[in-house]
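target.cif follows; it contains mmCIF, C-alpha atoms and all ligand atoms.
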data_coords
loop_
_atom_site.label_atom_id
_atom_site.label_comp_id
_atom_site.auth_asym_id
_atom_site.auth_seq_id
_atom_site.Cartn_x
_atom_site.Cartn_y
_atom_site.Cartn_z
CA MET C 91 -26.61 63.00 -10.25
CA HIS C 92 -25.58 66.61 -9.52
CA ALA C 93 -22.57 67.22 -7.30
CA PRO C 94 -23.90 67.82 -3.77
CA ALA C 95 -23.87 71.38 -2.40
CA ALA C 96 -21.13 72.10 0.14
CA ASP C 97 -23.68 72.29 2.95
CA ALA C 98 -25.35 68.93 2.14
CA PRO C 99 -24.84 66.83 5.28
CA ILE C 100 -23.75 63.28 5.90
CA LEU C 101 -26.54 61.47 7.77
CA PHE C 102 -25.52 59.01 10.47
CA PHE C 103 -28.21 56.64 11.67
CA ASP C 104 -28.35 54.32 14.70
CA SER C 105 -30.93 53.17 17.22
CA GLY C 106 -29.11 55.22 19.85
CA LEU C 107 -25.74 56.77 20.59
CA GLY C 108 -23.60 53.88 19.29
CA GLY C 109 -23.20 55.49 15.89
CA LEU C 110 -21.11 58.22 17.53
CA THR C 111 -18.26 55.67 17.42
CA VAL C 112 -18.45 55.90 13.61
CA LEU C 113 -19.05 59.66 13.56
CA GLY C 114 -15.85 60.29 15.59
CA PRO C 115 -13.34 58.83 13.08
CA THR C 116 -15.33 60.29 10.16
CA ARG C 117 -14.99 63.81 11.56
CA ALA C 118 -11.26 63.21 11.96
CA LEU C 119 -11.04 62.61 8.18
CA LEU C 120 -13.66 65.17 7.09
CA PRO C 121 -13.51 67.88 9.76
CA THR C 122 -15.87 70.38 8.14
CA ALA C 123 -18.46 67.87 6.89
CA PRO C 124 -21.97 68.98 7.91
CA ILE C 125 -23.42 66.29 10.18
CA VAL C 126 -26.91 65.06 11.00
CA TYR C 127 -26.84 62.33 13.62
CA ALA C 128 -30.15 60.45 13.90
CA ALA C 129 -30.99 58.11 16.78
CA ASP C 130 -34.18 56.04 16.82
CA TYR C 131 -34.75 56.21 20.57
CA ALA C 132 -38.38 55.19 20.07
CA GLY C 133 -37.09 51.92 18.58
CA LEU C 134 -34.08 51.25 20.84
CA PRO C 135 -32.98 48.48 21.37
CA TYR C 136 -32.90 47.13 17.82
CA GLY C 137 -31.16 43.99 19.03
CA GLN C 138 -34.41 42.79 20.62
CA LYS C 139 -36.54 43.40 17.53
CA SER C 140 -37.52 40.95 14.82
CA GLU C 141 -36.10 40.97 11.32
CA ALA C 142 -39.52 41.86 9.89
CA GLU C 143 -39.96 44.80 12.25
CA LEU C 144 -36.57 46.27 11.39
CA ALA C 145 -36.88 45.62 7.66
CA ALA C 146 -40.06 47.73 7.71
CA ARG C 147 -39.14 50.36 10.31
CA VAL C 148 -35.63 51.40 9.28
CA PRO C 149 -36.19 52.18 5.56
CA ALA C 150 -39.38 54.11 6.40
CA LEU C 151 -37.68 56.20 9.05
CA LEU C 152 -34.65 56.83 6.84
CA GLY C 153 -36.99 57.94 4.09
CA ARG C 154 -38.39 60.65 6.41
CA LEU C 155 -34.91 61.71 7.48
CA VAL C 156 -33.62 61.93 3.91
CA GLU C 157 -36.59 64.05 2.91
CA ARG C 158 -36.08 66.37 5.85
CA TYR C 159 -32.29 66.80 5.77
CA GLN C 160 -31.39 66.06 2.11
CA PRO C 161 -28.09 64.32 2.92
CA ARG C 162 -25.43 63.59 0.31
CA LEU C 163 -24.84 60.14 1.82
CA ALA C 164 -26.31 58.05 4.65
CA VAL C 165 -24.29 55.91 7.03
CA ILE C 166 -26.17 53.09 8.73
CA ALA C 167 -24.00 53.25 11.84
CA CYS C 168 -25.67 50.19 13.33
CA ASN C 169 -24.70 46.58 12.74
CA THR C 170 -28.18 45.30 13.55
CA ALA C 171 -29.92 47.53 11.01
CA SER C 172 -27.18 46.92 8.43
CA THR C 173 -27.07 43.13 8.65
CA ILE C 174 -30.87 42.91 8.48
CA ALA C 175 -32.08 45.83 6.39
CA LEU C 176 -29.28 47.10 4.15
CA SER C 177 -30.80 45.72 0.95
CA HIS C 178 -34.24 47.12 1.88
CA ILE C 179 -32.70 50.51 2.65
CA ARG C 180 -30.77 50.61 -0.64
CA ALA C 181 -33.91 49.65 -2.54
CA ALA C 182 -35.95 52.39 -0.84
CA LEU C 183 -33.51 55.31 -1.06
CA ASP C 184 -31.83 57.01 -3.94
CA LEU C 185 -28.52 58.08 -2.41
CA PRO C 186 -25.23 56.40 -1.50
CA ILE C 187 -25.59 54.21 1.61
CA VAL C 188 -22.69 53.00 3.71
CA GLY C 189 -23.45 50.08 6.03
CA THR C 190 -21.69 48.78 9.12
CA VAL C 191 -20.99 45.07 9.23
CA PRO C 192 -19.02 42.99 11.75
CA ALA C 193 -15.25 43.35 11.21
CA ILE C 194 -14.73 39.60 10.72
CA LYS C 195 -12.39 40.10 7.76
CA PRO C 196 -9.74 42.12 9.64
CA ALA C 197 -10.18 39.81 12.65
CA ALA C 198 -9.42 36.79 10.46
CA GLU C 199 -6.26 38.51 9.24
CA ILE C 200 -4.84 39.01 12.74
CA THR C 201 -5.97 35.95 14.69
CA ARG C 202 -3.14 33.56 15.58
CA SER C 203 -5.24 30.95 17.32
CA GLY C 204 -7.83 30.83 14.53
CA VAL C 205 -10.65 31.43 17.02
CA ILE C 206 -12.49 34.73 16.67
CA GLY C 207 -15.17 36.02 19.03
CA VAL C 208 -18.02 38.21 17.80
CA LEU C 209 -19.92 40.31 20.34
CA GLY C 210 -23.03 41.93 18.90
CA THR C 211 -26.69 42.33 19.60
CA GLU C 212 -28.84 39.22 19.77
CA ALA C 213 -30.37 40.09 16.40
CA THR C 214 -27.00 40.64 14.70
CA VAL C 215 -25.33 37.44 15.87
CA ARG C 216 -28.13 35.27 14.47
CA GLN C 217 -27.99 36.80 10.97
CA PRO C 218 -27.12 34.71 7.90
CA TYR C 219 -25.13 37.81 6.84
CA VAL C 220 -22.70 36.98 9.66
CA ASP C 221 -22.51 33.33 8.48
CA ASP C 222 -21.61 34.65 5.03
CA LEU C 223 -18.88 36.94 6.37
CA GLY C 224 -17.43 33.97 8.27
CA ALA C 225 -17.53 31.72 5.21
CA ARG C 226 -16.01 34.36 2.92
CA PHE C 227 -13.32 35.82 5.13
CA ALA C 228 -12.65 33.33 7.94
CA ALA C 229 -12.79 29.98 6.16
CA GLY C 230 -11.10 27.29 8.24
CA LYS C 231 -11.33 29.44 11.36
CA THR C 232 -13.81 29.26 14.22
CA VAL C 233 -16.19 32.18 14.75
CA LEU C 234 -17.92 32.16 18.15
CA ARG C 235 -20.75 34.64 18.66
CA HIS C 236 -22.58 36.09 21.60
CA GLY C 237 -25.43 38.59 21.77
CA SER C 238 -25.37 41.07 24.66
CA PRO C 239 -28.24 43.53 25.13
CA GLY C 240 -26.67 44.58 28.44
CA LEU C 241 -23.74 46.21 26.68
CA VAL C 242 -26.09 48.45 24.67
CA THR C 243 -27.73 49.71 27.87
CA GLY C 244 -24.30 50.00 29.50
CA ALA C 245 -22.88 52.09 26.64
CA GLU C 246 -25.86 54.48 26.69
CA ALA C 247 -25.46 54.83 30.47
CA LYS C 248 -21.71 55.44 30.27
CA LEU C 249 -22.10 58.28 27.76
CA ARG C 250 -24.61 59.95 30.07
CA GLY C 251 -22.09 59.73 32.87
CA GLU C 252 -23.96 56.99 34.76
CA LYS C 253 -22.31 54.02 36.44
CA ILE C 254 -22.07 50.74 34.56
CA ASP C 255 -22.72 47.48 36.34
CA PRO C 256 -19.43 45.49 36.10
CA ALA C 257 -21.49 42.27 36.05
CA VAL C 258 -22.83 43.28 32.63
CA ILE C 259 -19.30 43.42 31.20
CA ALA C 260 -18.34 40.14 32.88
CA ARG C 261 -21.46 38.38 31.56
CA ALA C 262 -20.85 39.55 28.00
CA VAL C 263 -17.26 38.28 28.02
CA ALA C 264 -18.27 35.00 29.70
CA GLY C 265 -20.82 34.50 26.93
CA LEU C 266 -17.89 34.00 24.54
CA ARG C 267 -15.31 32.51 26.87
CA ASP C 268 -17.63 29.81 28.22
CA GLN C 269 -18.47 28.39 24.80
CA PRO C 270 -16.56 25.30 23.62
CA GLY C 271 -13.26 26.63 22.26
CA GLY C 272 -13.86 30.00 23.93
CA ASP C 273 -10.55 29.84 25.82
CA ALA C 274 -8.70 30.14 22.52
CA VAL C 275 -10.34 33.38 21.35
CA ASP C 276 -7.57 35.92 20.70
CA VAL C 277 -9.55 38.58 18.77
CA VAL C 278 -12.98 39.90 19.67
CA VAL C 279 -14.98 41.77 17.05
CA LEU C 280 -17.13 44.51 18.59
CA ALA C 281 -20.03 43.98 16.19
CA CYS C 282 -22.34 46.64 17.59
CA THR C 283 -21.48 50.31 17.27
CA HIS C 284 -22.34 50.85 20.93
CA PHE C 285 -19.65 48.48 22.18
CA PRO C 286 -16.48 50.51 21.41
CA LEU C 287 -17.85 53.00 23.94
CA LEU C 288 -17.10 50.26 26.51
CA ALA C 289 -13.74 49.26 25.03
CA ASP C 290 -11.79 50.08 28.22
CA GLU C 291 -14.12 48.03 30.40
CA LEU C 292 -14.15 45.13 27.93
CA GLN C 293 -10.36 45.20 27.51
CA ALA C 294 -9.90 45.08 31.28
CA GLU C 295 -12.22 42.06 31.44
CA VAL C 296 -10.68 40.06 28.56
CA GLY C 297 -7.09 40.88 29.56
CA PRO C 298 -4.16 42.24 27.55
CA ASP C 299 -3.67 39.19 25.29
CA ILE C 300 -6.97 39.54 23.45
CA ARG C 301 -7.38 42.21 20.77
CA LEU C 302 -10.67 44.06 20.42
CA ILE C 303 -11.47 45.34 16.95
CA ASP C 304 -14.28 47.22 15.27
CA GLY C 305 -14.95 48.55 11.80
CA ALA C 306 -15.28 52.27 12.51
CA ALA C 307 -11.96 53.43 11.01
CA GLY C 308 -12.63 51.44 7.83
CA ILE C 309 -16.13 52.90 7.52
CA ALA C 310 -14.75 56.42 7.93
CA ARG C 311 -12.25 55.75 5.11
CA ARG C 312 -15.07 54.41 2.93
CA ILE C 313 -17.12 57.59 3.53
CA ALA C 314 -14.11 59.76 2.67
CA HIS C 315 -13.54 57.73 -0.49
CA LEU C 316 -17.17 57.96 -1.63
CA THR C 317 -17.22 61.72 -1.12
CA GLU C 318 -13.79 62.39 -2.61
CA GLY C 319 -13.75 65.49 -4.80
CA GLN C 320 -17.01 66.85 -3.33
CA SER C 321 -17.11 70.32 -1.84
CA TRP C 322 -17.33 70.99 1.88
CA PRO C 323 -17.82 74.18 3.90
CA ALA C 324 -14.61 76.09 4.68
CA VAL C 325 -15.45 76.06 8.40
CA ALA C 326 -17.33 73.39 10.37
CA ALA C 327 -20.87 74.38 11.36
CA PRO C 328 -22.40 72.76 14.47
CA GLY C 329 -24.05 69.44 13.62
CA ILE C 330 -27.64 68.42 14.34
CA ALA C 331 -28.76 65.40 16.35
CA VAL C 332 -32.30 64.19 15.83
CA PHE C 333 -34.03 61.70 18.12
CA THR C 334 -37.29 59.88 17.54
CA ARG C 335 -39.58 60.75 20.43
CA SER C 336 -39.64 58.22 23.27
CA ASN C 337 -41.49 58.57 26.57
CA ASP C 338 -38.94 56.50 28.47
CA ARG C 339 -35.78 57.97 27.05
CA PRO C 340 -35.22 61.69 26.56
CA PRO C 341 -32.35 62.86 24.34
CA PRO C 342 -29.07 63.19 26.26
CA PRO C 343 -27.93 66.55 27.62
CA PRO C 344 -26.15 68.66 24.96
CA GLY C 345 -22.79 68.21 26.71
CA VAL C 346 -22.80 64.51 25.75
CA LEU C 347 -22.98 65.33 22.05
CA ALA C 348 -20.87 68.52 21.94
CA PRO C 349 -17.55 66.60 21.74
CA TYR C 350 -18.86 65.08 18.49
CA GLY C 351 -19.48 68.49 16.95
CA ILE C 352 -23.24 68.44 17.62
CA GLY C 353 -24.68 71.82 18.52
CA ARG C 354 -28.43 71.32 18.13
CA ILE C 355 -30.85 68.62 19.27
CA GLU C 356 -34.22 68.00 17.62
CA THR C 357 -36.92 65.40 18.17
CA ILE C 358 -39.27 63.98 15.56
N1 LIG C 401 -25.86 50.14 17.80
C1 LIG C 401 -26.59 49.05 17.26
C2 LIG C 401 -25.71 48.06 16.52
O1 LIG C 401 -24.66 48.41 16.03
C3 LIG C 401 -27.65 48.34 18.03
C4 LIG C 401 -28.04 48.64 19.42
C5 LIG C 401 -29.47 48.20 19.67
O2 LIG C 401 -30.35 49.02 19.40
O3 LIG C 401 -29.71 47.06 20.13
O4 LIG C 401 -26.06 46.92 16.36
#
Could you quickly redo this structure as structure tokens?
Ligand code: DGL
Amino acid sequence: MHAPAADAPILFFDSGLGGLTVLGPTRALLPTAPIVYAADYAGLPYGQKSEAELAARVPALLGRLVERYQPRLAVIACNTASTIALSHIRAALDLPIVGTVPAIKPAAEITRSGVIGVLGTEATVRQPYVDDLGARFAAGKTVLRHGSPGLVTGAEAKLRGEKIDPAVIARAVAGLRDQPGGDAVDVVVLACTHFPLLADELQAEVGPDIRLIDGAAGIARRIAHLTEGQSWPAVAAPGIAVFTRSNDRPPPPPGVLAPYGIGRIETI
């Protein structure tokens, strides 16, 4: 493979705005990296979709995006798409792909009680991929899971400056706490890229003794490692955000994306 041109972008992909939580730490490491941020608003929420739907939809859409933007690397900044469709995506595309999977490994390293909570979408928490992560990295520990579609809606609303219903946060936390053994959870994995956008609200609800963790910093380091030695522009150019067209959900106002270095919004 040829070395990518300096202006070849990194493509970030999510169903919505959750992937911005991965874009943020990546820009901190690679400040002049050209960015294309893609959000499948026509398919949001992925957490309510079937495995078959996502395994067909995501690789096809990524194929279109790769053709259009010619990225050097694609980041599937979505736990739901990654835990279900990563192998399909890798089989369909001929470029480096970085996935996002629940941070169970680091959670297992820091838990003292041995009880880890995983908050994700409903689709993510039922994946065998998550069973495998638990078996490989948290053997002998308890991994409780809860799927919360409300937090996805809440995170989208918060970024647009809308009010979040506190009951949504309380319900998500109760979904872990009320399970047998739930009182002993001392680390909660935010296993959906939307959820770190609600970290303050979730931390206030769980209290100061429970740690919230996510994989974004590790993913950013992985992206930096995979692109080490490649050339980048001397100065950052404004990034592009691309949204699949949805009648119910227009792209957010530009001010929402500007802090992430996005200067142009397109729809496809
Ligand atoms: N941000 C996505 C994730 O990490 C999913 C949100 C959704 O579309 O349900 O799982």
Expressed in Å, the length from atom CA of Ala175 of chain C to atom CA of Arg261 of chain C is 28.3 Å
May I have a table of the residues of segment 131-181 of chain C lying at most 12 Å from segment 246-251 of chain C, giving each one's closest pair of atoms and their distance in Å to one decimal, counting all atoms listed in the file, ordered by chain and ascending residue number, as a Markdown table?
| residue | atom | partner | partner_atom | distance |
| --- | --- | --- | --- | --- |
| C:Tyr131 | CA | C:Glu246 | CA | 10.9 |
| C:Leu134 | CA | C:Glu246 | CA | 10.6 |
| C:Pro135 | CA | C:Glu246 | CA | 10.7 |
Closest atom pairs, residues of chain C within 6 Å of ligand LIG 401 (chain C), all atoms listed in the file, as JSON lines:
{"residue": "C:Asp104", "atom": "CA", "partner": "C:LIG401", "partner_atom": "N1", "distance": 5.8}
{"residue": "C:Ser105", "atom": "CA", "partner": "C:LIG401", "partner_atom": "O2", "distance": 4.7}
{"residue": "C:Gly108", "atom": "CA", "partner": "C:LIG401", "partner_atom": "N1", "distance": 4.6}
{"residue": "C:Leu134", "atom": "CA", "partner": "C:LIG401", "partner_atom": "O2", "distance": 4.6}
{"residue": "C:Pro135", "atom": "CA", "partner": "C:LIG401", "partner_atom": "O2", "distance": 3.3}
{"residue": "C:Tyr136", "atom": "CA", "partner": "C:LIG401", "partner_atom": "O2", "distance": 3.5}
{"residue": "C:Gly137", "atom": "CA", "partner": "C:LIG401", "partner_atom": "O3", "distance": 3.6}
{"residue": "C:Cys168", "atom": "CA", "partner": "C:LIG401", "partner_atom": "O1", "distance": 3.4}
{"residue": "C:Asn169", "atom": "CA", "partner": "C:LIG401", "partner_atom": "O1", "distance": 3.8}
{"residue": "C:Thr170", "atom": "CA", "partner": "C:LIG401", "partner_atom": "O4", "distance": 3.9}
{"residue": "C:Thr211", "atom": "CA", "partner": "C:LIG401", "partner_atom": "O3", "distance": 5.6}
{"residue": "C:Val242", "atom": "CA", "partner": "C:LIG401", "partner_atom": "C4", "distance": 5.6}
{"residue": "C:Cys282", "atom": "CA", "partner": "C:LIG401", "partner_atom": "O1", "distance": 3.3}
{"residue": "C:Thr283", "atom": "CA", "partner": "C:LIG401", "partner_atom": "O1", "distance": 3.9}
{"residue": "C:His284", "atom": "CA", "partner": "C:LIG401", "partner_atom": "N1", "distance": 4.8}
Judged by only C-alpha atoms, the minimum distance to Glu356 of chain C among C:Ile187, C:Ala123, C:Ala128, C:Ala193 is found for C:Ala128
Between C:Ile194, C:Leu302, C:Ala264, C:Leu107, which one has atoms that come closest to Asp222 of chain C, using only C-alpha atoms?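 Counting only C-alpha atoms, the residue closest to Asp222 of chain C is C:Ile194.
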How big is the axis-aligned box around the listed atoms of segment 297-309 of chain C once 3 Å is added on each side, and where is its centre? Give both in Å to one decimal, as AutoDock Vina command-line options.
--center_x -9.9 --center_y 46.3 --center_z 18.5 --size_x 18.5 --size_y 20.2 --size_z 28.0
Non-local contacts of Gly353 of chain C (9 Å; all atoms listed in the file; under 4 positions in same chain excluded) as a PyMOL selection string | chain C and resi 327-331+344+347-348
* Skipping near chain neighbours, those fewer than 5 positions away, what residues fall within 7 Å of Ala306 of chain C using all atoms listed in the file, listed as number ranges by chain? -> C: 111-112, 115
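Residue nearest Ala225 of chain C within the list C:Lys253, C:Arg202, C:Lys195, C:Arg311: C:Lys195 [criterion: smallest interatomic distance, all atoms listed in the file].
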Fill in: Shell around Arg154 of chain C at 12 Å using all atoms listed in the file, local window under 4 positions removed, as a list in words
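Residues near the query, excluding close chain neighbours: Leu101, Ala128, Arg147, Val148, Pro149, Ala150, Arg158, Tyr159, Gln160, Pro161, Ala182, Leu183, Val332, Thr334 and Ile358 of chain C.
Atom CA of Val156 of chain C lies 29.1 Å from atom CA of Leu223 of chain C.
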Exercise. Which neighbours of Ala294 of chain C fall inside 12 Å, counting all atoms listed in the file, when residues of the same chain fewer than 4 positions from it are skipped, and could you give them as a PyMOL selection string?
Worked result: chain C and resi 256+259-260+263+288-290+298-302
What would segment 195-208 of chain C look like with N, CA and C atoms restored, written as a CSV table (one decimal), keeping the file's coordinate frame?
chain,number,residue,atom,x,y,z
C,195,LYS,N,-13.5,40.2,8.7
C,195,LYS,CA,-12.4,40.1,7.8
C,195,LYS,C,-11.1,40.5,8.4
C,196,PRO,N,-11.0,41.8,9.0
C,196,PRO,CA,-9.7,42.1,9.6
C,196,PRO,C,-9.4,41.2,10.8
C,197,ALA,N,-10.4,40.7,11.5
C,197,ALA,CA,-10.2,39.8,12.6
C,197,ALA,C,-9.5,38.5,12.2
C,198,ALA,N,-10.0,38.0,11.0
C,198,ALA,CA,-9.4,36.8,10.5
C,198,ALA,C,-8.0,37.0,10.0
C,199,GLU,N,-7.6,38.2,9.7
C,199,GLU,CA,-6.3,38.5,9.2
C,199,GLU,C,-5.3,38.6,10.4
C,200,ILE,N,-5.8,38.9,11.6
C,200,ILE,CA,-4.8,39.0,12.7
C,200,ILE,C,-4.9,37.9,13.8
C,201,THR,N,-5.9,37.0,13.7
C,201,THR,CA,-6.0,36.0,14.7
C,201,THR,C,-4.8,35.0,14.5
C,202,ARG,N,-4.2,34.6,15.6
C,202,ARG,CA,-3.1,33.6,15.6
C,202,ARG,C,-3.7,32.2,16.0
C,203,SER,N,-4.7,32.2,16.9
C,203,SER,CA,-5.2,31.0,17.3
C,203,SER,C,-6.3,30.4,16.3
C,204,GLY,N,-6.8,31.3,15.5
C,204,GLY,CA,-7.8,30.8,14.5
C,204,GLY,C,-9.2,30.8,15.2
C,205,VAL,N,-9.3,31.4,16.4
C,205,VAL,CA,-10.6,31.4,17.0
C,205,VAL,C,-11.0,32.9,17.3
C,206,ILE,N,-12.1,33.3,16.6
C,206,ILE,CA,-12.5,34.7,16.7
C,206,ILE,C,-13.8,34.8,17.5
C,207,GLY,N,-13.9,35.8,18.3
C,207,GLY,CA,-15.2,36.0,19.0
C,207,GLY,C,-15.9,37.2,18.4
C,208,VAL,N,-17.2,37.1,18.3
C,208,VAL,CA,-18.0,38.2,17.8
C,208,VAL,C,-19.0,38.6,18.9
